[in-house]
$ cat structure-v1.cif   # mmCIF, C-alpha atoms
data_entry
loop_
_atom_site.label_atom_id
_atom_site.label_comp_id
_atom_site.auth_asym_id
_atom_site.auth_seq_id
_atom_site.Cartn_x
_atom_site.Cartn_y
_atom_site.Cartn_z
CA MET A 1 0.00 0.00 0.00
CA SER A 2 1.15 3.51 -0.78
CA SER A 3 2.82 4.95 2.31
CA LYS A 4 1.15 8.33 1.76
CA LEU A 5 -2.41 7.11 1.16
CA LYS A 6 -4.39 6.33 4.30
CA ILE A 7 -7.87 4.98 4.92
CA LYS A 8 -10.09 5.03 8.00
CA SER A 9 -13.52 3.50 8.50
CA VAL A 10 -16.19 5.22 10.60
CA ALA A 11 -19.30 3.12 11.28
CA VAL A 12 -22.36 5.38 11.36
CA GLY A 13 -26.11 5.15 11.74
CA PRO A 14 -28.47 2.41 12.97
CA ILE A 15 -27.45 0.05 10.13
CA ALA A 16 -23.72 0.62 10.75
CA VAL A 17 -22.76 1.99 7.35
CA ASN A 18 -19.02 2.16 6.80
CA CYS A 19 -18.19 5.76 5.99
CA TYR A 20 -14.60 5.94 4.72
CA LEU A 21 -11.99 8.66 4.89
CA VAL A 22 -9.22 8.38 2.30
CA TRP A 23 -6.44 10.94 2.28
CA ASN A 24 -2.88 11.63 1.19
CA THR A 25 -0.60 12.41 4.12
CA GLY A 26 1.72 14.38 1.86
CA SER A 27 -0.84 16.95 0.71
CA ASN A 28 -3.38 16.32 3.50
CA HIS A 29 -6.13 16.30 0.87
CA GLY A 30 -8.74 13.57 0.85
CA TYR A 31 -12.24 12.25 0.24
CA ILE A 32 -15.20 11.33 2.42
CA ILE A 33 -17.00 8.30 1.01
CA ASP A 34 -20.60 7.42 1.93
CA PRO A 35 -21.32 9.74 4.88
CA GLY A 36 -24.41 7.79 5.87
CA ASP A 37 -25.26 9.41 9.20
CA GLU A 38 -23.83 11.02 12.35
CA PRO A 39 -22.07 13.99 10.76
CA THR A 40 -20.43 15.05 14.03
CA LYS A 41 -18.81 11.64 14.38
CA ILE A 42 -17.48 11.93 10.84
CA THR A 43 -16.15 15.47 11.24
CA ARG A 44 -14.39 14.50 14.48
CA ALA A 45 -12.69 11.64 12.63
CA VAL A 46 -11.62 14.05 9.89
CA SER A 47 -10.18 16.43 12.48
CA ALA A 48 -8.32 13.59 14.15
CA ALA A 49 -6.87 12.51 10.80
CA LYS A 50 -5.83 16.12 10.08
CA PHE A 51 -6.71 16.31 6.39
CA THR A 52 -8.79 18.65 4.23
CA PRO A 53 -11.78 16.99 2.53
CA LYS A 54 -12.05 17.89 -1.16
CA ALA A 55 -15.22 15.99 -2.12
CA ILE A 56 -17.88 13.53 -1.05
CA LEU A 57 -17.94 10.32 -3.09
CA LEU A 58 -21.03 8.10 -3.01
CA THR A 59 -20.98 4.43 -3.95
CA HIS A 60 -24.75 4.55 -4.42
CA ALA A 61 -27.77 6.54 -3.30
CA HIS A 62 -29.63 4.37 -0.80
CA VAL A 63 -30.86 6.38 2.16
CA ASP A 64 -28.57 4.73 4.71
CA HIS A 65 -25.51 5.93 2.77
CA ILE A 66 -26.54 9.59 2.26
CA ARG A 67 -28.13 10.91 5.47
CA ALA A 68 -25.13 13.06 6.44
CA VAL A 69 -24.33 14.27 2.92
CA GLY A 70 -25.96 17.68 3.37
CA ALA A 71 -24.28 18.45 6.69
CA ILE A 72 -20.86 17.32 5.49
CA ALA A 73 -21.08 19.14 2.16
CA THR A 74 -22.15 22.34 3.91
CA LYS A 75 -19.46 22.21 6.60
CA TYR A 76 -16.57 21.71 4.20
CA LYS A 77 -18.11 23.45 1.16
CA ILE A 78 -17.30 20.48 -1.06
CA PRO A 79 -19.02 18.87 -4.07
CA VAL A 80 -20.89 15.56 -4.07
CA PHE A 81 -20.28 12.94 -6.75
CA LEU A 82 -22.65 10.12 -7.66
CA ASN A 83 -23.20 8.07 -10.80
CA ALA A 84 -25.91 9.66 -12.92
CA SER A 85 -28.00 6.46 -12.96
CA ASP A 86 -28.65 6.89 -9.21
CA LYS A 87 -29.72 10.55 -9.31
CA VAL A 88 -33.42 9.68 -9.41
CA LEU A 89 -32.99 7.47 -6.35
CA TYR A 90 -30.93 10.15 -4.58
CA TYR A 91 -33.73 12.72 -4.80
CA SER A 92 -36.69 10.34 -4.46
CA PRO A 93 -39.08 10.89 -1.52
CA ASP A 94 -39.54 7.11 -1.54
CA ASN A 95 -35.84 6.54 -0.80
CA ALA A 96 -36.47 5.51 2.81
CA LEU A 97 -36.36 2.53 5.15
CA LEU A 98 -39.40 3.24 7.29
CA PRO A 99 -39.90 3.51 10.17
CA TRP A 100 -36.17 3.62 10.90
CA LEU A 101 -34.81 5.89 8.17
CA PRO A 102 -37.07 8.49 6.56
CA ALA A 103 -36.18 10.05 3.23
CA VAL A 104 -33.53 12.77 3.33
CA GLU A 105 -34.68 16.30 2.49
CA ASN A 106 -32.74 19.27 1.11
CA LEU A 107 -29.91 17.22 -0.34
CA PRO A 108 -27.17 19.19 -2.12
CA PRO A 109 -26.93 18.92 -5.90
CA ILE A 110 -24.79 16.30 -7.55
CA ALA A 111 -21.67 17.63 -9.28
CA ASP A 112 -20.70 16.63 -12.80
CA ASP A 113 -17.56 14.95 -14.15
CA PHE A 114 -15.64 13.51 -11.24
CA VAL A 115 -12.73 12.53 -13.53
CA ASP A 116 -12.02 16.15 -14.46
CA PHE A 117 -12.44 17.28 -10.85
CA ALA A 118 -10.05 14.64 -9.53
CA SER A 119 -7.39 15.37 -12.14
CA GLU A 120 -7.50 19.11 -11.40
CA GLU A 121 -8.19 19.27 -7.66
CA VAL A 122 -6.86 16.05 -6.11
CA LYS A 123 -4.01 15.05 -8.38
CA ASP A 124 -2.16 13.11 -5.68
CA ILE A 125 -4.93 10.55 -5.05
CA GLU A 126 -5.34 8.18 -7.97
CA VAL A 127 -8.76 6.54 -7.99
CA GLN A 128 -10.62 4.59 -10.65
CA VAL A 129 -14.42 4.71 -10.61
CA ILE A 130 -15.82 1.29 -11.60
CA HIS A 131 -19.51 1.16 -12.49
CA THR A 132 -21.00 -1.91 -10.78
CA PRO A 133 -24.78 -1.88 -11.30
CA GLY A 134 -26.95 -4.47 -9.62
CA HIS A 135 -27.57 -3.31 -6.05
CA THR A 136 -28.66 -0.03 -7.62
CA PRO A 137 -28.47 1.10 -11.27
CA GLY A 138 -25.73 3.63 -10.51
CA GLY A 139 -23.69 1.67 -8.00
CA VAL A 140 -19.94 2.20 -8.28
CA CYS A 141 -16.76 1.05 -6.58
CA TYR A 142 -13.73 3.27 -5.95
CA TYR A 143 -10.48 1.49 -6.75
CA PHE A 144 -7.33 3.04 -5.30
CA HIS A 145 -5.07 0.80 -7.37
CA SER A 146 -1.70 2.25 -6.36
CA ALA A 147 -2.62 1.68 -2.70
CA GLY A 148 -4.07 -1.78 -3.30
CA PHE A 149 -7.63 -1.36 -2.03
CA ILE A 150 -11.16 -0.88 -3.31
CA LEU A 151 -14.30 0.52 -1.69
CA THR A 152 -17.20 -1.64 -2.86
CA GLY A 153 -20.20 -0.04 -1.18
CA ASP A 154 -23.05 -2.56 -1.12
CA THR A 155 -21.90 -4.44 -4.22
CA LEU A 156 -19.57 -6.87 -2.46
CA PHE A 157 -19.25 -7.79 1.21
CA LYS A 158 -17.15 -10.26 3.14
CA GLY A 159 -18.74 -13.57 2.22
CA SER A 160 -21.76 -12.10 0.49
CA CYS A 161 -23.02 -9.47 -1.93
CA GLY A 162 -25.61 -6.71 -2.05
CA ARG A 163 -29.37 -7.16 -2.07
CA THR A 164 -31.27 -6.93 -5.32
CA ASP A 165 -34.83 -7.00 -3.95
CA LEU A 166 -34.95 -3.23 -3.43
CA PRO A 167 -36.16 -0.80 -6.14
CA GLY A 168 -33.62 -0.67 -8.97
CA GLY A 169 -31.92 -3.91 -7.97
CA ASP A 170 -31.05 -6.46 -10.63
CA GLU A 171 -29.54 -9.83 -9.75
CA ASP A 172 -28.13 -10.51 -13.22
CA ASP A 173 -26.45 -7.10 -13.31
CA LEU A 174 -24.95 -7.65 -9.87
CA ARG A 175 -23.52 -11.02 -10.85
CA GLN A 176 -22.00 -9.54 -13.98
CA SER A 177 -20.51 -6.65 -12.02
CA ILE A 178 -18.92 -8.95 -9.47
CA ARG A 179 -17.63 -11.43 -12.00
CA TYR A 180 -16.27 -9.09 -14.65
CA SER A 181 -15.46 -5.87 -12.79
CA LEU A 182 -14.30 -7.06 -9.36
CA MET A 183 -13.10 -10.65 -9.62
CA THR A 184 -10.64 -9.62 -12.33
CA LEU A 185 -8.72 -7.41 -9.86
CA PRO A 186 -5.53 -8.71 -8.19
CA ASP A 187 -6.20 -11.28 -5.45
CA GLU A 188 -4.35 -9.22 -2.86
CA THR A 189 -6.64 -6.21 -3.35
CA ILE A 190 -8.19 -5.27 0.00
CA VAL A 191 -11.97 -4.88 -0.14
CA TYR A 192 -13.57 -2.26 2.11
CA PRO A 193 -17.35 -2.83 1.90
CA GLY A 194 -20.27 -0.61 2.83
CA HIS A 195 -21.09 -2.74 5.87
CA HIS A 196 -19.20 -5.22 8.07
CA ASP A 197 -15.54 -6.23 7.90
CA GLU A 198 -12.91 -5.94 5.21
CA THR A 199 -11.84 -8.85 3.03
CA THR A 200 -9.77 -9.40 -0.13
CA ILE A 201 -10.60 -10.10 -3.74
CA GLY A 202 -8.76 -13.42 -3.47
CA ALA A 203 -10.84 -14.56 -0.50
CA GLU A 204 -14.09 -13.61 -2.21
CA LYS A 205 -13.04 -15.11 -5.53
CA ARG A 206 -12.98 -18.55 -3.93
CA LEU A 207 -16.58 -18.03 -2.81
CA TYR A 208 -17.77 -16.63 -6.15
CA ILE A 209 -15.97 -19.12 -8.38
CA ALA A 210 -19.29 -20.32 -9.80
CA ILE A 211 -20.61 -16.88 -10.71
#
$ encode --input "structure-v1.cif" --output "structure tokens"
Amino acid sequence: MSSKLKIKSVAVGPIAVNCYLVWNTGSNHGYIIDPGDEPTKITRAVSAAKFTPKAILLTHAHVDHIRAVGAIATKYKIPVFLNASDKVLYYSPDNALLPWLPAVENLPPIADDFVDFASEEVKDIEVQVIHTPGHTPGGVCYYFHSAGFILTGDTLFKGSCGRTDLPGGDEDDLRQSIRYSLMTLPDETIVYPGHHDETTIGAEKRLYIAI
């Protein structure tokens, strides 16, 4: 793993979403990925890590992954990036898990063209955005290839994969995403999922050999 690129997980909300902080210790610039809830907990972790957030990256738009987006975006005055295929879900009043998680109101707008933003604003953090539809139409994974890890959101977990019985879910798409977009990565790649513990591509490949 790159000695300058660091990652920290912050479990937030009643469903224990893994919000991730990824930053470069040389420039002290970084990203906040999936701020699902508890903005104060997230901002305290950012302060402890001593880096400047440059953007919010979302793996997908389900309500449990976006509840703190507005507070975080406002505090740091940073843009929010999400695959365009999940924009309808992001703004939908039906994007809720009642009675536990109501829909989020007054969400900030989604910014355009993350690739251009990253190349201009955060040049020292190389990240590849891999579209992995299935859990949601616009689900993505963030692959920090030089550091040897990937953030898979709710596409791939340790020993399992994301649900497809929610609106927008598609089991065939999810299988294709896992097989052709994730299982082709190096076995030693560390997987940081949207919930639960980390794993590796190699460990999950043995479980998904039949996919």
$ closest_residue --input "structure-v1.cif" --among "A:Asp154, A:Glu121, A:Asp113, A:Glu204" --to "Leu82 of chain A" --atoms "all atoms listed in the file"
A:Asp113
$ resolve_selection --input "structure-v1.cif" --expression "the PyMOL selection byres ((chain A and resi 67-73) around 6)" --output "PyMOL selection string"
chain A and resi 35-37+39+66+74-78+107-108
$ write_last_selection --input "structure-v1.cif" --atoms "C-alpha atoms" --output "JSON list (two decimals), keeping the file's coordinate frame"
[["chain", "number", "residue", "atom", "x", "y", "z"],
["A", 35, "PRO", "CA", -21.32, 9.74, 4.88],
["A", 36, "GLY", "CA", -24.41, 7.79, 5.87],
["A", 37, "ASP", "CA", -25.26, 9.41, 9.20],
["A", 39, "PRO", "CA", -22.07, 13.99, 10.76],
["A", 66, "ILE", "CA", -26.54, 9.59, 2.26],
["A", 74, "THR", "CA", -22.15, 22.34, 3.91],
["A", 75, "LYS", "CA", -19.46, 22.21, 6.60],
["A", 76, "TYR", "CA", -16.57, 21.71, 4.20],
["A", 77, "LYS", "CA", -18.11, 23.45, 1.16],
["A", 78, "ILE", "CA", -17.30, 20.48, -1.06],
["A", 107, "LEU", "CA", -29.91, 17.22, -0.34],
["A", 108, "PRO", "CA", -27.17, 19.19, -2.12]]
$ closest_atom_pairs --input "structure-v1.cif" --of "segment 95-143 of chain A" --to "segment 41-64 of chain A" --cutoff "8 Å" --atoms "only C-alpha atoms" --output "CSV"
residue,atom,partner,partner_atom,distance
A:Asn95,CA,A:Val63,CA,5.8
A:Ala96,CA,A:Val63,CA,5.7
A:Leu97,CA,A:Val63,CA,7.3
A:Leu101,CA,A:Val63,CA,7.2
A:Pro102,CA,A:Val63,CA,7.9
A:Ala103,CA,A:Val63,CA,6.6
A:Val104,CA,A:Val63,CA,7.0
A:Glu121,CA,A:Lys54,CA,7.7
A:Val122,CA,A:Lys54,CA,7.4
A:Thr136,CA,A:His60,CA,6.8
A:Gly138,CA,A:His60,CA,6.2
A:Gly139,CA,A:His60,CA,4.7
A:Val140,CA,A:Thr59,CA,5.0
A:Cys141,CA,A:Thr59,CA,6.0
A:Tyr142,CA,A:Thr59,CA,7.6
$ atom_distance --input "structure-v1.cif" --atom1 "atom CA of Lys6 of chain A" --atom2 "atom CA of Trp23 of chain A"
5.4 Å
$ closest_residue --input "structure-v1.cif" --among "A:Lys87, A:Pro93, A:Gly202, A:Pro99" --to "Pro14 of chain A" --atoms "all atoms listed in the file"
A:Pro99
$ closest_residue --input "structure-v1.cif" --among "A:Leu166, A:Ile150, A:Ile110, A:Leu156" --to "Thr189 of chain A" --atoms "all atoms listed in the file"
A:Ile150
$ residues_near_point --input "structure-v1.cif" --point "(-37.9, -3.3, -11.2)" --cutoff "12 Å" --atoms "all atoms listed in the file" --output "count of residues only"
12
$ residues_around --input "structure-v1.cif" --residues "Thr184 of chain A" --least-positions-apart "4" --cutoff "10 Å" --atoms "all atoms listed in the file" --output "short mmCIF file (atom, residue, chain, number, x, y, z; two decimals) with C-alpha atoms, keeping the file's coordinate frame"
data_model
loop_
_atom_site.label_atom_id
_atom_site.label_comp_id
_atom_site.auth_asym_id
_atom_site.auth_seq_id
_atom_site.Cartn_x
_atom_site.Cartn_y
_atom_site.Cartn_z
CA ILE A 178 -18.92 -8.95 -9.47
CA ARG A 179 -17.63 -11.43 -12.00
CA TYR A 180 -16.27 -9.09 -14.65
CA ILE A 201 -10.60 -10.10 -3.74
CA GLY A 202 -8.76 -13.42 -3.47
CA LYS A 205 -13.04 -15.11 -5.53
#
$ residues_around --input "structure-v1.cif" --residues "Glu126 of chain A" --least-positions-apart "5" --cutoff "8 Å" --atoms "all atoms listed in the file" --output "PyMOL selection string"
chain A and resi 144-146
$ write_last_selection --input "structure-v1.cif" --atoms "C-alpha atoms" --output "PDB file, in the frame of the given file"
ATOM      1  CA  PHE A 144      -7.330   3.040  -5.300  1.00  0.00           C
ATOM      2  CA  HIS A 145      -5.070   0.800  -7.370  1.00  0.00           C
ATOM      3  CA  SER A 146      -1.700   2.250  -6.360  1.00  0.00           C
TER       4      SER A 146
END
$ atom_distance --input "structure-v1.cif" --atom1 "atom CA of Lys8 of chain A" --atom2 "atom CA of Phe157 of chain A"
17.2 Å
$ closest_residue --input "structure-v1.cif" --among "A:Pro193, A:Pro109, A:Pro133, A:Gly30" --to "Ser177 of chain A" --atoms "only C-alpha atoms"
A:Pro133
$ atom_distance --input "structure-v1.cif" --atom1 "atom CA of His65 of chain A" --atom2 "atom CA of Asp197 of chain A"
16.5 Å
$ residues_around --input "structure-v1.cif" --residues "Tyr20 of chain A" --least-positions-apart "4" --cutoff "8 Å" --atoms "only C-alpha atoms" --output "ChimeraX atom specification"
/A:7-10,32-35
$ residues_around --input "structure-v1.cif" --residues "His195 of chain A" --least-positions-apart "5" --cutoff "10 Å" --atoms "all atoms listed in the file" --output "PyMOL selection string"
chain A and resi 11-12+15-19+152-154+156-158+162
$ decode --input "structure-v1.cif" --residues "segment 30-68 of chain A" --atoms "N, CA and C atoms" --output "PDB file, in the first residue's frame"
ATOM      1  N   GLY A  30      -8.106  14.872   0.860  1.00  0.00           N
ATOM      2  CA  GLY A  30      -8.744  13.567   0.847  1.00  0.00           C
ATOM      3  C   GLY A  30     -10.210  13.607   0.484  1.00  0.00           C
ATOM      4  N   TYR A  31     -10.838  12.435   0.560  1.00  0.00           N
ATOM      5  CA  TYR A  31     -12.242  12.252   0.235  1.00  0.00           C
ATOM      6  C   TYR A  31     -12.993  11.673   1.429  1.00  0.00           C
ATOM      7  N   ILE A  32     -14.282  11.975   1.482  1.00  0.00           N
ATOM      8  CA  ILE A  32     -15.200  11.333   2.418  1.00  0.00           C
ATOM      9  C   ILE A  32     -16.153  10.505   1.572  1.00  0.00           C
ATOM     10  N   ILE A  33     -16.197   9.207   1.830  1.00  0.00           N
ATOM     11  CA  ILE A  33     -16.996   8.304   1.014  1.00  0.00           C
ATOM     12  C   ILE A  33     -18.160   7.760   1.834  1.00  0.00           C
ATOM     13  N   ASP A  34     -19.368   7.930   1.317  1.00  0.00           N
ATOM     14  CA  ASP A  34     -20.597   7.420   1.929  1.00  0.00           C
ATOM     15  C   ASP A  34     -20.814   7.921   3.360  1.00  0.00           C
ATOM     16  N   PRO A  35     -20.975   9.233   3.548  1.00  0.00           N
ATOM     17  CA  PRO A  35     -21.316   9.740   4.880  1.00  0.00           C
ATOM     18  C   PRO A  35     -22.788   9.451   5.189  1.00  0.00           C
ATOM     19  N   GLY A  36     -23.044   8.275   5.739  1.00  0.00           N
ATOM     20  CA  GLY A  36     -24.409   7.794   5.865  1.00  0.00           C
ATOM     21  C   GLY A  36     -25.211   8.375   7.007  1.00  0.00           C
ATOM     22  N   ASP A  37     -24.551   8.900   8.035  1.00  0.00           N
ATOM     23  CA  ASP A  37     -25.262   9.413   9.205  1.00  0.00           C
ATOM     24  C   ASP A  37     -24.220   9.974  10.174  1.00  0.00           C
ATOM     25  N   GLU A  38     -24.688  10.521  11.274  1.00  0.00           N
ATOM     26  CA  GLU A  38     -23.831  11.015  12.353  1.00  0.00           C
ATOM     27  C   GLU A  38     -22.712  11.936  11.852  1.00  0.00           C
ATOM     28  N   PRO A  39     -23.086  13.094  11.305  1.00  0.00           N
ATOM     29  CA  PRO A  39     -22.066  13.987  10.756  1.00  0.00           C
ATOM     30  C   PRO A  39     -21.018  14.442  11.766  1.00  0.00           C
ATOM     31  N   THR A  40     -21.407  14.624  13.017  1.00  0.00           N
ATOM     32  CA  THR A  40     -20.435  15.051  14.026  1.00  0.00           C
ATOM     33  C   THR A  40     -19.368  13.986  14.243  1.00  0.00           C
ATOM     34  N   LYS A  41     -19.766  12.734  14.240  1.00  0.00           N
ATOM     35  CA  LYS A  41     -18.812  11.636  14.381  1.00  0.00           C
ATOM     36  C   LYS A  41     -17.831  11.629  13.217  1.00  0.00           C
ATOM     37  N   ILE A  42     -18.339  11.905  12.025  1.00  0.00           N
ATOM     38  CA  ILE A  42     -17.480  11.931  10.835  1.00  0.00           C
ATOM     39  C   ILE A  42     -16.523  13.111  10.882  1.00  0.00           C
ATOM     40  N   THR A  43     -17.015  14.283  11.223  1.00  0.00           N
ATOM     41  CA  THR A  43     -16.147  15.470  11.241  1.00  0.00           C
ATOM     42  C   THR A  43     -15.074  15.358  12.330  1.00  0.00           C
ATOM     43  N   ARG A  44     -15.405  14.717  13.443  1.00  0.00           N
ATOM     44  CA  ARG A  44     -14.395  14.499  14.478  1.00  0.00           C
ATOM     45  C   ARG A  44     -13.300  13.565  13.967  1.00  0.00           C
ATOM     46  N   ALA A  45     -13.682  12.554  13.196  1.00  0.00           N
ATOM     47  CA  ALA A  45     -12.688  11.639  12.634  1.00  0.00           C
ATOM     48  C   ALA A  45     -11.804  12.355  11.620  1.00  0.00           C
ATOM     49  N   VAL A  46     -12.401  13.258  10.842  1.00  0.00           N
ATOM     50  CA  VAL A  46     -11.619  14.054   9.887  1.00  0.00           C
ATOM     51  C   VAL A  46     -10.621  14.927  10.637  1.00  0.00           C
ATOM     52  N   SER A  47     -11.076  15.578  11.688  1.00  0.00           N
ATOM     53  CA  SER A  47     -10.184  16.435  12.477  1.00  0.00           C
ATOM     54  C   SER A  47      -9.041  15.634  13.088  1.00  0.00           C
ATOM     55  N   ALA A  48      -9.349  14.433  13.570  1.00  0.00           N
ATOM     56  CA  ALA A  48      -8.318  13.590  14.155  1.00  0.00           C
ATOM     57  C   ALA A  48      -7.296  13.149  13.118  1.00  0.00           C
ATOM     58  N   ALA A  49      -7.765  12.926  11.879  1.00  0.00           N
ATOM     59  CA  ALA A  49      -6.867  12.508  10.799  1.00  0.00           C
ATOM     60  C   ALA A  49      -6.080  13.683  10.225  1.00  0.00           C
ATOM     61  N   LYS A  50      -6.532  14.897  10.470  1.00  0.00           N
ATOM     62  CA  LYS A  50      -5.833  16.120  10.081  1.00  0.00           C
ATOM     63  C   LYS A  50      -5.654  16.229   8.563  1.00  0.00           C
ATOM     64  N   PHE A  51      -6.773  16.078   7.832  1.00  0.00           N
ATOM     65  CA  PHE A  51      -6.714  16.315   6.393  1.00  0.00           C
ATOM     66  C   PHE A  51      -7.871  17.223   5.978  1.00  0.00           C
ATOM     67  N   THR A  52      -7.771  17.766   4.773  1.00  0.00           N
ATOM     68  CA  THR A  52      -8.792  18.651   4.229  1.00  0.00           C
ATOM     69  C   THR A  52      -9.644  17.893   3.220  1.00  0.00           C
ATOM     70  N   PRO A  53     -10.923  17.672   3.498  1.00  0.00           N
ATOM     71  CA  PRO A  53     -11.781  16.990   2.530  1.00  0.00           C
ATOM     72  C   PRO A  53     -11.964  17.844   1.277  1.00  0.00           C
ATOM     73  N   LYS A  54     -11.884  17.193   0.125  1.00  0.00           N
ATOM     74  CA  LYS A  54     -12.046  17.893  -1.157  1.00  0.00           C
ATOM     75  C   LYS A  54     -13.354  17.541  -1.850  1.00  0.00           C
ATOM     76  N   ALA A  55     -13.964  16.399  -1.491  1.00  0.00           N
ATOM     77  CA  ALA A  55     -15.217  15.990  -2.119  1.00  0.00           C
ATOM     78  C   ALA A  55     -15.843  14.858  -1.334  1.00  0.00           C
ATOM     79  N   ILE A  56     -17.144  14.694  -1.524  1.00  0.00           N
ATOM     80  CA  ILE A  56     -17.879  13.531  -1.046  1.00  0.00           C
ATOM     81  C   ILE A  56     -18.076  12.598  -2.232  1.00  0.00           C
ATOM     82  N   LEU A  57     -17.724  11.330  -2.067  1.00  0.00           N
ATOM     83  CA  LEU A  57     -17.942  10.323  -3.091  1.00  0.00           C
ATOM     84  C   LEU A  57     -18.991   9.341  -2.577  1.00  0.00           C
ATOM     85  N   LEU A  58     -19.983   9.047  -3.396  1.00  0.00           N
ATOM     86  CA  LEU A  58     -21.026   8.101  -3.015  1.00  0.00           C
ATOM     87  C   LEU A  58     -20.922   6.843  -3.859  1.00  0.00           C
ATOM     88  N   THR A  59     -20.971   5.682  -3.196  1.00  0.00           N
ATOM     89  CA  THR A  59     -20.976   4.426  -3.945  1.00  0.00           C
ATOM     90  C   THR A  59     -22.343   4.163  -4.553  1.00  0.00           C
ATOM     91  N   HIS A  60     -23.390   4.643  -3.905  1.00  0.00           N
ATOM     92  CA  HIS A  60     -24.753   4.545  -4.422  1.00  0.00           C
ATOM     93  C   HIS A  60     -25.627   5.460  -3.571  1.00  0.00           C
ATOM     94  N   ALA A  61     -26.925   5.514  -3.902  1.00  0.00           N
ATOM     95  CA  ALA A  61     -27.768   6.542  -3.299  1.00  0.00           C
ATOM     96  C   ALA A  61     -28.787   6.043  -2.287  1.00  0.00           C
ATOM     97  N   HIS A  62     -28.673   4.822  -1.803  1.00  0.00           N
ATOM     98  CA  HIS A  62     -29.633   4.372  -0.798  1.00  0.00           C
ATOM     99  C   HIS A  62     -29.569   5.255   0.445  1.00  0.00           C
ATOM    100  N   VAL A  63     -30.710   5.419   1.084  1.00  0.00           N
ATOM    101  CA  VAL A  63     -30.862   6.384   2.165  1.00  0.00           C
ATOM    102  C   VAL A  63     -29.856   6.195   3.291  1.00  0.00           C
ATOM    103  N   ASP A  64     -29.481   4.948   3.599  1.00  0.00           N
ATOM    104  CA  ASP A  64     -28.565   4.730   4.712  1.00  0.00           C
ATOM    105  C   ASP A  64     -27.146   5.184   4.417  1.00  0.00           C
ATOM    106  N   HIS A  65     -26.851   5.490   3.154  1.00  0.00           N
ATOM    107  CA  HIS A  65     -25.512   5.934   2.766  1.00  0.00           C
ATOM    108  C   HIS A  65     -25.428   7.448   2.526  1.00  0.00           C
ATOM    109  N   ILE A  66     -26.558   8.172   2.649  1.00  0.00           N
ATOM    110  CA  ILE A  66     -26.542   9.589   2.258  1.00  0.00           C
ATOM    111  C   ILE A  66     -27.086  10.537   3.324  1.00  0.00           C
ATOM    112  N   ARG A  67     -27.425  10.055   4.504  1.00  0.00           N
ATOM    113  CA  ARG A  67     -28.127  10.906   5.470  1.00  0.00           C
ATOM    114  C   ARG A  67     -27.291  12.075   5.973  1.00  0.00           C
ATOM    115  N   ALA A  68     -25.975  11.963   5.956  1.00  0.00           N
ATOM    116  CA  ALA A  68     -25.134  13.061   6.438  1.00  0.00           C
ATOM    117  C   ALA A  68     -24.522  13.867   5.291  1.00  0.00           C
TER     118      ALA A  68
END
